[in-house]
$ cat my_file-v2.json   # JSON, C-alpha atoms
[["chain", "number", "residue", "atom", "x", "y", "z"],
["A", 27, "MET", "CA", -31.55, 14.65, -10.63],
["A", 28, "ILE", "CA", -31.09, 17.30, -7.95],
["A", 29, "THR", "CA", -34.18, 17.21, -5.74],
["A", 30, "ILE", "CA", -33.12, 19.36, -2.77],
["A", 31, "TYR", "CA", -30.64, 22.24, -2.67],
["A", 32, "HIS", "CA", -28.93, 23.44, 0.52],
["A", 33, "ARG", "CA", -26.68, 26.47, 1.00],
["A", 34, "PRO", "CA", -25.18, 26.35, 4.50],
["A", 35, "ARG", "CA", -23.48, 29.34, 6.07],
["A", 36, "THR", "CA", -21.04, 27.40, 8.27],
["A", 37, "LEU", "CA", -18.78, 24.39, 7.87],
["A", 38, "ASP", "CA", -20.50, 22.59, 10.76],
["A", 39, "GLU", "CA", -23.87, 23.03, 9.08],
["A", 40, "ALA", "CA", -22.46, 21.68, 5.81],
["A", 41, "LEU", "CA", -21.00, 18.62, 7.53],
["A", 42, "THR", "CA", -24.32, 17.87, 9.24],
["A", 43, "LEU", "CA", -26.09, 17.99, 5.90],
["A", 44, "LEU", "CA", -23.44, 15.89, 4.13],
["A", 45, "ALA", "CA", -23.82, 13.15, 6.73],
["A", 46, "GLN", "CA", -27.25, 12.40, 5.28],
["A", 47, "PRO", "CA", -27.65, 9.65, 2.62],
["A", 48, "ASN", "CA", -27.51, 10.65, -1.07],
["A", 49, "THR", "CA", -26.22, 14.11, -0.21],
["A", 50, "PHE", "CA", -23.22, 15.53, -2.02],
["A", 51, "PRO", "CA", -21.10, 18.70, -1.92],
["A", 52, "LEU", "CA", -21.61, 21.17, -4.74],
["A", 53, "GLY", "CA", -18.62, 23.23, -5.81],
["A", 54, "GLY", "CA", -18.44, 24.30, -9.43],
["A", 55, "GLY", "CA", -21.36, 22.09, -10.46],
["A", 56, "THR", "CA", -19.64, 20.59, -13.49],
["A", 57, "LEU", "CA", -20.43, 17.05, -12.29],
["A", 58, "LEU", "CA", -23.67, 17.31, -10.35],
["A", 59, "SER", "CA", -25.30, 19.44, -13.02],
["A", 60, "GLN", "CA", -25.09, 16.52, -15.45],
["A", 61, "PRO", "CA", -28.41, 14.67, -15.98],
["A", 62, "THR", "CA", -29.00, 11.58, -13.83],
["A", 63, "ALA", "CA", -32.05, 9.53, -12.96],
["A", 64, "ASP", "CA", -31.05, 9.15, -9.31],
["A", 65, "PRO", "CA", -32.45, 11.75, -6.88],
["A", 66, "VAL", "CA", -29.74, 13.57, -4.89],
["A", 67, "GLU", "CA", -29.49, 16.41, -2.44],
["A", 68, "VAL", "CA", -26.68, 18.92, -2.87],
["A", 69, "VAL", "CA", -24.87, 21.12, -0.39],
["A", 70, "ASP", "CA", -23.61, 24.30, -2.05],
["A", 71, "LEU", "CA", -20.22, 25.28, -0.62],
["A", 72, "GLN", "CA", -20.09, 28.82, -2.01],
["A", 73, "SER", "CA", -20.72, 30.58, 1.31],
["A", 74, "LEU", "CA", -18.03, 28.74, 3.29],
["A", 75, "GLY", "CA", -14.99, 30.73, 2.17],
["A", 76, "LEU", "CA", -13.16, 27.70, 0.78],
["A", 77, "ASP", "CA", -11.97, 29.47, -2.38],
["A", 78, "SER", "CA", -8.75, 30.97, -0.98],
["A", 79, "LEU", "CA", -5.34, 30.73, -2.62],
["A", 80, "THR", "CA", -2.48, 31.56, -0.28],
["A", 81, "LYS", "CA", 1.29, 31.15, -0.30],
["A", 82, "LYS", "CA", 2.44, 30.08, 3.15],
["A", 83, "GLY", "CA", 6.16, 29.55, 3.48],
["A", 84, "TYR", "CA", 7.17, 26.92, 0.94],
["A", 85, "ASP", "CA", 3.59, 25.76, 0.30],
["A", 86, "LEU", "CA", 0.72, 26.97, -1.81],
["A", 87, "GLU", "CA", -2.54, 26.36, 0.06],
["A", 88, "ILE", "CA", -5.49, 26.02, -2.29],
["A", 89, "GLY", "CA", -9.05, 26.17, -1.03],
["A", 90, "ALA", "CA", -11.28, 23.32, -2.11],
["A", 91, "THR", "CA", -13.61, 25.54, -4.15],
["A", 92, "CYS", "CA", -10.83, 27.53, -5.81],
["A", 93, "THR", "CA", -11.40, 27.08, -9.54],
["A", 94, "LEU", "CA", -8.85, 25.52, -11.84],
["A", 95, "GLN", "CA", -8.69, 28.76, -13.82],
["A", 96, "THR", "CA", -7.95, 30.81, -10.69],
["A", 97, "LEU", "CA", -5.12, 28.44, -9.82],
["A", 98, "LEU", "CA", -3.85, 28.56, -13.39],
["A", 99, "GLU", "CA", -3.72, 32.36, -13.33],
["A", 100, "SER", "CA", -1.95, 32.56, -9.97],
["A", 101, "GLU", "CA", 1.61, 33.88, -10.02],
["A", 102, "HIS", "CA", 2.51, 31.18, -7.50],
["A", 103, "CYS", "CA", 1.31, 28.26, -9.62],
["A", 104, "PRO", "CA", 4.33, 26.33, -11.01],
["A", 105, "ALA", "CA", 4.66, 26.63, -14.80],
["A", 106, "ALA", "CA", 4.55, 22.86, -15.34],
["A", 107, "LEU", "CA", 1.38, 22.59, -13.25],
["A", 108, "LYS", "CA", -0.22, 25.20, -15.49],
["A", 109, "VAL", "CA", 0.44, 22.91, -18.46],
["A", 110, "ALA", "CA", -1.35, 20.07, -16.69],
["A", 111, "ILE", "CA", -4.31, 22.29, -15.76],
["A", 112, "LYS", "CA", -4.76, 23.43, -19.36],
["A", 113, "LEU", "CA", -4.87, 19.78, -20.44],
["A", 114, "GLU", "CA", -7.36, 18.90, -17.71],
["A", 115, "ALA", "CA", -10.25, 20.88, -19.18],
["A", 116, "PRO", "CA", -11.06, 23.71, -21.62],
["A", 117, "ILE", "CA", -11.34, 27.23, -20.24],
["A", 118, "ASN", "CA", -15.15, 27.25, -20.04],
["A", 119, "ILE", "CA", -14.95, 24.25, -17.70],
["A", 120, "ARG", "CA", -11.90, 25.55, -15.81],
["A", 121, "ASN", "CA", -13.80, 28.71, -14.93],
["A", 122, "SER", "CA", -16.27, 26.70, -12.84],
["A", 123, "ALA", "CA", -14.56, 23.38, -12.02],
["A", 124, "THR", "CA", -13.00, 23.37, -8.56],
["A", 125, "VAL", "CA", -9.72, 21.91, -7.38],
["A", 126, "ALA", "CA", -11.48, 19.46, -5.04],
["A", 127, "GLY", "CA", -14.00, 18.49, -7.71],
["A", 128, "ALA", "CA", -11.23, 17.78, -10.20],
["A", 129, "LEU", "CA", -9.56, 15.42, -7.73],
["A", 130, "VAL", "CA", -12.75, 13.65, -6.68],
["A", 131, "SER", "CA", -13.77, 13.01, -10.30],
["A", 132, "SER", "CA", -10.28, 12.17, -11.59],
["A", 133, "ASP", "CA", -9.14, 8.95, -13.16],
["A", 134, "GLY", "CA", -5.79, 7.77, -14.50],
["A", 135, "ARG", "CA", -6.05, 10.10, -17.49],
["A", 136, "SER", "CA", -6.23, 13.23, -15.36],
["A", 137, "PRO", "CA", -3.17, 15.46, -15.94],
["A", 138, "PHE", "CA", -4.04, 17.49, -12.83],
["A", 139, "ALA", "CA", -4.18, 14.46, -10.54],
["A", 140, "THR", "CA", -0.98, 13.12, -12.10],
["A", 141, "ALA", "CA", 0.80, 16.38, -11.33],
["A", 142, "LEU", "CA", -0.44, 16.56, -7.73],
["A", 143, "LEU", "CA", 0.60, 12.95, -7.13],
["A", 144, "ALA", "CA", 4.18, 13.75, -8.16],
["A", 145, "LEU", "CA", 4.16, 16.85, -5.94],
["A", 146, "ASP", "CA", 3.00, 14.76, -2.97],
["A", 147, "ALA", "CA", 0.18, 17.23, -2.40],
["A", 148, "LYS", "CA", -1.56, 17.16, 0.97],
["A", 149, "ILE", "CA", -5.34, 17.15, 1.32],
["A", 150, "THR", "CA", -7.15, 18.45, 4.39],
["A", 151, "MET", "CA", -10.45, 16.66, 4.94],
["A", 152, "VAL", "CA", -13.11, 17.06, 7.59],
["A", 153, "SER", "CA", -15.90, 14.76, 8.71],
["A", 154, "ASP", "CA", -16.25, 14.12, 12.44],
["A", 155, "LYS", "CA", -12.67, 15.39, 12.75],
["A", 156, "SER", "CA", -10.05, 17.06, 10.59],
["A", 157, "SER", "CA", -7.24, 15.05, 9.00],
["A", 158, "VAL", "CA", -4.44, 15.61, 6.51],
["A", 159, "ILE", "CA", -3.69, 12.87, 3.99],
["A", 160, "SER", "CA", -1.50, 12.69, 0.93],
["A", 161, "VAL", "CA", -3.09, 12.80, -2.50],
["A", 162, "GLY", "CA", -1.61, 9.34, -3.04],
["A", 163, "GLU", "CA", -3.74, 8.01, -0.17],
["A", 164, "PHE", "CA", -6.84, 9.73, -1.52],
["A", 165, "LEU", "CA", -6.75, 8.90, -5.22],
["A", 166, "PRO", "CA", -7.11, 5.11, -5.24],
["A", 167, "LEU", "CA", -10.26, 5.24, -3.10],
["A", 168, "PRO", "CA", -11.84, 8.64, -2.44],
["A", 169, "ARG", "CA", -13.25, 8.53, 1.08],
["A", 170, "ARG", "CA", -16.24, 10.01, 2.84],
["A", 171, "GLY", "CA", -15.59, 13.52, 4.05],
["A", 172, "LEU", "CA", -15.30, 17.05, 2.79],
["A", 173, "ILE", "CA", -12.09, 18.36, 1.26],
["A", 174, "THR", "CA", -11.39, 21.85, 2.57],
["A", 175, "SER", "CA", -7.96, 22.53, 1.08],
["A", 176, "VAL", "CA", -5.05, 21.13, -0.91],
["A", 177, "ALA", "CA", -1.43, 22.11, -0.30],
["A", 178, "ILE", "CA", 1.38, 21.77, -2.83],
["A", 179, "PRO", "CA", 5.10, 22.40, -2.23],
["A", 180, "LEU", "CA", 6.74, 25.29, -4.03],
["A", 181, "ASN", "CA", 10.33, 24.37, -3.11],
["A", 182, "THR", "CA", 10.67, 21.67, -5.77],
["A", 183, "LYS", "CA", 11.90, 21.43, -9.31],
["A", 184, "PHE", "CA", 8.76, 20.30, -11.12],
["A", 185, "SER", "CA", 8.35, 19.09, -14.70],
["A", 186, "PHE", "CA", 5.42, 17.76, -16.71],
["A", 187, "GLU", "CA", 5.72, 16.05, -20.11],
["A", 188, "PHE", "CA", 3.04, 14.34, -22.16],
["A", 189, "VAL", "CA", 2.08, 12.75, -25.46],
["A", 190, "SER", "CA", -1.47, 12.97, -26.84],
["A", 191, "LYS", "CA", -3.20, 12.47, -30.17],
["A", 192, "THR", "CA", -3.92, 16.18, -30.48],
["A", 193, "PRO", "CA", -2.93, 19.17, -28.31],
["A", 194, "ALA", "CA", -6.51, 19.37, -27.00],
["A", 195, "ASP", "CA", -6.75, 15.68, -25.99],
["A", 196, "LYS", "CA", -5.92, 14.29, -22.60],
["A", 197, "PRO", "CA", -2.57, 12.48, -22.73],
["A", 198, "LEU", "CA", -2.06, 8.88, -23.76],
["A", 199, "VAL", "CA", 1.00, 9.05, -21.52],
["A", 200, "ALA", "CA", 2.00, 11.79, -19.09],
["A", 201, "ALA", "CA", 4.98, 12.02, -16.77],
["A", 202, "ALA", "CA", 5.22, 14.40, -13.81],
["A", 203, "LEU", "CA", 8.47, 14.73, -11.89],
["A", 204, "ALA", "CA", 9.14, 16.57, -8.64],
["A", 205, "GLN", "CA", 12.63, 16.87, -7.16],
["A", 206, "TRP", "CA", 13.51, 18.36, -3.78],
["A", 207, "ASN", "CA", 16.84, 19.95, -2.79],
["A", 208, "SER", "CA", 17.55, 16.86, -0.71],
["A", 209, "GLY", "CA", 17.54, 14.78, -3.89],
["A", 210, "ARG", "CA", 14.17, 13.18, -3.21],
["A", 211, "THR", "CA", 12.55, 12.34, -6.54],
["A", 212, "ARG", "CA", 8.90, 11.49, -7.22],
["A", 213, "LEU", "CA", 7.71, 10.35, -10.63],
["A", 214, "SER", "CA", 4.05, 9.82, -11.43],
["A", 215, "LEU", "CA", 2.53, 8.58, -14.66],
["A", 216, "GLY", "CA", -0.87, 9.38, -16.14],
["A", 217, "GLY", "CA", -2.86, 8.47, -19.22],
["A", 218, "TYR", "CA", -4.15, 5.08, -18.14],
["A", 219, "GLY", "CA", -6.29, 3.28, -15.55],
["A", 220, "GLN", "CA", -8.43, 4.32, -12.62],
["A", 221, "SER", "CA", -5.84, 6.63, -11.07],
["A", 222, "PRO", "CA", -2.34, 7.93, -11.86],
["A", 223, "LEU", "CA", 0.54, 5.67, -10.86],
["A", 224, "LEU", "CA", 3.43, 6.58, -8.59],
["A", 225, "ALA", "CA", 6.42, 5.08, -10.40],
["A", 226, "MET", "CA", 9.17, 6.36, -8.09],
["A", 227, "ASP", "CA", 9.63, 8.01, -4.72],
["A", 228, "GLY", "CA", 13.25, 7.74, -3.74],
["A", 229, "PRO", "CA", 16.31, 9.63, -2.49],
["A", 230, "GLU", "CA", 17.63, 10.23, -6.03],
["A", 231, "ALA", "CA", 16.74, 9.94, -9.71],
["A", 232, "GLU", "CA", 18.85, 6.87, -10.44],
["A", 233, "GLY", "CA", 16.85, 4.31, -12.45],
["A", 234, "LEU", "CA", 14.11, 6.75, -13.39],
["A", 235, "ASP", "CA", 13.52, 5.38, -16.89],
["A", 236, "SER", "CA", 13.42, 1.79, -15.64],
["A", 237, "ALA", "CA", 10.89, 2.74, -12.99],
["A", 238, "ALA", "CA", 8.70, 4.35, -15.66],
["A", 239, "ARG", "CA", 8.85, 1.27, -17.86],
["A", 240, "ASN", "CA", 8.09, -1.11, -15.00],
["A", 241, "ALA", "CA", 5.10, 0.91, -13.84],
["A", 242, "TYR", "CA", 3.42, 0.62, -17.24],
["A", 243, "HIS", "CA", 4.18, -2.98, -18.14],
["A", 244, "GLU", "CA", 0.44, -3.82, -18.13],
["A", 245, "ALA", "CA", -0.90, -0.43, -19.26],
["A", 246, "GLN", "CA", -2.85, -1.58, -22.29],
["A", 247, "ASP", "CA", -6.28, -0.34, -23.32],
["A", 248, "ASP", "CA", -8.18, 0.73, -26.44],
["A", 249, "TRP", "CA", -6.03, 3.85, -26.72],
["A", 250, "ALA", "CA", -2.53, 2.36, -26.70],
["A", 251, "SER", "CA", -0.53, -0.81, -26.13],
["A", 252, "ALA", "CA", 1.50, -1.47, -23.00],
["A", 253, "GLU", "CA", 4.70, -1.62, -25.06],
["A", 254, "TYR", "CA", 4.03, 1.81, -26.49],
["A", 255, "ARG", "CA", 3.29, 3.30, -23.09],
["A", 256, "MET", "CA", 6.39, 1.71, -21.55],
["A", 257, "ASP", "CA", 8.67, 3.21, -24.21],
["A", 258, "VAL", "CA", 7.02, 6.64, -24.12],
["A", 259, "ALA", "CA", 6.90, 6.76, -20.31],
["A", 260, "ALA", "CA", 10.65, 6.07, -20.12],
["A", 261, "THR", "CA", 11.37, 8.78, -22.70],
["A", 262, "LEU", "CA", 9.16, 11.35, -20.99],
["A", 263, "ALA", "CA", 10.65, 10.57, -17.58],
["A", 264, "LYS", "CA", 14.16, 11.24, -18.89],
["A", 265, "ARG", "CA", 12.94, 14.40, -20.60],
["A", 266, "CYS", "CA", 11.61, 15.65, -17.25],
["A", 267, "LEU", "CA", 15.16, 15.55, -15.90],
["A", 268, "VAL", "CA", 16.53, 17.93, -18.52]]
$ encode --input "my_file-v2.json" --output "structure tokens"
Amino acid sequence: MITIYHRPRTLDEALTLLAQPNTFPLGGGTLLSQPTADPVEVVDLQSLGLDSLTKKGYDLEIGATCTLQTLLESEHCPAALKVAIKLEAPINIRNSATVAGALVSSDGRSPFATALLALDAKITMVSDKSSVISVGEFLPLPRRGLITSVAIPLNTKFSFEFVSKTPADKPLVAAALAQWNSGRTRLSLGGYGQSPLLAMDGPEAEGLDSAARNAYHEAQDDWASAEYRMDVAATLAKRCLV
């Protein structure tokens, strides 16, 4: 239950407020607006100008409070990333859910987080100081601090493939593949667990299907068996190369 609402005008003011116990940033409100018995204070980020979307060189810099729908509609958003965003949430949620909120609340079934892991996206966070970390460092254990922006590379060949029970469901298995001109290849897998898995980050794509199979050798839950996910992950990984 939200007991106190703050709307700071500066980033410094927001950080001071967020340093207090049981105080959380409020972006699109899709999470904090859900009923809970625990009292919390929220810090509304709307007045901080963190909703920008800018192409800078070979990167797309996305403000933390940029909505998923705004990113989806951007001419600079890679086509395969748009597929992942559409799977992440229906349009009524995408219109309010923010990029930072989607990452903070993500689990292994998140198509958006899976895509950003393959792209080796960089997250700028501030607390007592500013730091830039990879999304791979952030996802296993979201840390204290405020995300201000996320940067994704635009100079990659990027593919996203998935299998789900219905087109509207989140994937049982998803594969995201980013390849740089140097040959560097990153493969991430989604559809299972607490966070997406990085199956490969190497100088070339050799052994891609084996890496996909090995990453999911224990990926069993109520939705699918590990054997099924291993076979599908290998197939999707190879399909991403086409």
$ residues_around --input "my_file-v2.json" --residues "Gly162 in chain A" --least-positions-apart "4" --cutoff "9 Å" --atoms "all atoms listed in the file" --output "list in words"
Leu142, Leu143, Ala144, Asp146, Ala147, Lys148, Pro166, Pro222, Leu223 and Leu224 of chain A
$ residues_around --input "my_file-v2.json" --residues "Ser136 in chain A" --least-positions-apart "5" --cutoff "10 Å" --atoms "all atoms listed in the file" --output "list in words"
Ala110, Ile111, Leu113, Glu114, Ala115, Ala128, Leu129, Ser131, Ala141, Lys196, Pro197, Ala200, Leu215, Gly216, Gly217, Tyr218, Gly219, Gln220, Ser221 and Pro222 of chain A
$ write_last_selection --input "my_file-v2.json" --atoms "C-alpha atoms" --output "PDB file, in the coordinates of the input"
ATOM      1  CA  ALA A 110      -1.350  20.070 -16.690  1.00  0.00           C
ATOM      2  CA  ILE A 111      -4.310  22.290 -15.760  1.00  0.00           C
ATOM      3  CA  LEU A 113      -4.870  19.780 -20.440  1.00  0.00           C
ATOM      4  CA  GLU A 114      -7.360  18.900 -17.710  1.00  0.00           C
ATOM      5  CA  ALA A 115     -10.250  20.880 -19.180  1.00  0.00           C
ATOM      6  CA  ALA A 128     -11.230  17.780 -10.200  1.00  0.00           C
ATOM      7  CA  LEU A 129      -9.560  15.420  -7.730  1.00  0.00           C
ATOM      8  CA  SER A 131     -13.770  13.010 -10.300  1.00  0.00           C
ATOM      9  CA  ALA A 141       0.800  16.380 -11.330  1.00  0.00           C
ATOM     10  CA  LYS A 196      -5.920  14.290 -22.600  1.00  0.00           C
ATOM     11  CA  PRO A 197      -2.570  12.480 -22.730  1.00  0.00           C
ATOM     12  CA  ALA A 200       2.000  11.790 -19.090  1.00  0.00           C
ATOM     13  CA  LEU A 215       2.530   8.580 -14.660  1.00  0.00           C
ATOM     14  CA  GLY A 216      -0.870   9.380 -16.140  1.00  0.00           C
ATOM     15  CA  GLY A 217      -2.860   8.470 -19.220  1.00  0.00           C
ATOM     16  CA  TYR A 218      -4.150   5.080 -18.140  1.00  0.00           C
ATOM     17  CA  GLY A 219      -6.290   3.280 -15.550  1.00  0.00           C
ATOM     18  CA  GLN A 220      -8.430   4.320 -12.620  1.00  0.00           C
ATOM     19  CA  SER A 221      -5.840   6.630 -11.070  1.00  0.00           C
ATOM     20  CA  PRO A 222      -2.340   7.930 -11.860  1.00  0.00           C
TER      21      PRO A 222
END
$ atom_distance --input "my_file-v2.json" --atom1 "CA of Phe138 in chain A" --atom2 "CA of Thr49 in chain A"
25.7 Å
$ closest_residue --input "my_file-v2.json" --among "A:Ser132, A:Thr261, A:Thr124, A:Thr42" --to "Phe164 in chain A" --atoms "all atoms listed in the file"
A:Ser132
$ closest_residue --input "my_file-v2.json" --among "A:Lys264, A:Arg255, A:Arg35, A:Arg210" --to "Leu234 in chain A" --atoms "only C-alpha atoms"
A:Lys264
$ closest_residue --input "my_file-v2.json" --among "A:Asp247, A:Asp64, A:Asp38, A:Asp85" --to "Leu145 in chain A" --atoms "only C-alpha atoms"
A:Asp85
$ closest_residue --input "my_file-v2.json" --among "A:Ala252, A:Leu44, A:Leu86, A:Leu213" --to "Ser100 in chain A" --atoms "only C-alpha atoms"
A:Leu86
$ residues_around --input "my_file-v2.json" --residues "Arg212 in chain A" --least-positions-apart "3" --cutoff "6 Å" --atoms "only C-alpha atoms" --output "mmCIF file with C-alpha atoms, keeping the file's coordinate frame"
data_model
loop_
_atom_site.group_PDB
_atom_site.id
_atom_site.type_symbol
_atom_site.label_atom_id
_atom_site.label_comp_id
_atom_site.auth_asym_id
_atom_site.auth_seq_id
_atom_site.Cartn_x
_atom_site.Cartn_y
_atom_site.Cartn_z
ATOM 1 C CA ALA A 144 4.180 13.750 -8.160
ATOM 2 C CA LEU A 203 8.470 14.730 -11.890
ATOM 3 C CA ALA A 204 9.140 16.570 -8.640
ATOM 4 C CA MET A 226 9.170 6.360 -8.090
ATOM 5 C CA ASP A 227 9.630 8.010 -4.720
#
$ residues_near_point --input "my_file-v2.json" --point "(-0.4, 33.3, -0.4)" --cutoff "12 Å" --atoms "all atoms listed in the file" --output "CSV table (one decimal) with C-alpha atoms, in the coordinates of the input"
chain,number,residue,atom,x,y,z
A,78,SER,CA,-8.8,31.0,-1.0
A,79,LEU,CA,-5.3,30.7,-2.6
A,80,THR,CA,-2.5,31.6,-0.3
A,81,LYS,CA,1.3,31.2,-0.3
A,82,LYS,CA,2.4,30.1,3.2
A,83,GLY,CA,6.2,29.6,3.5
A,84,TYR,CA,7.2,26.9,0.9
A,85,ASP,CA,3.6,25.8,0.3
A,86,LEU,CA,0.7,27.0,-1.8
A,87,GLU,CA,-2.5,26.4,0.1
A,88,ILE,CA,-5.5,26.0,-2.3
A,89,GLY,CA,-9.0,26.2,-1.0
A,97,LEU,CA,-5.1,28.4,-9.8
A,100,SER,CA,-2.0,32.6,-10.0
A,101,GLU,CA,1.6,33.9,-10.0
A,102,HIS,CA,2.5,31.2,-7.5
A,103,CYS,CA,1.3,28.3,-9.6
A,177,ALA,CA,-1.4,22.1,-0.3
A,178,ILE,CA,1.4,21.8,-2.8
A,180,LEU,CA,6.7,25.3,-4.0
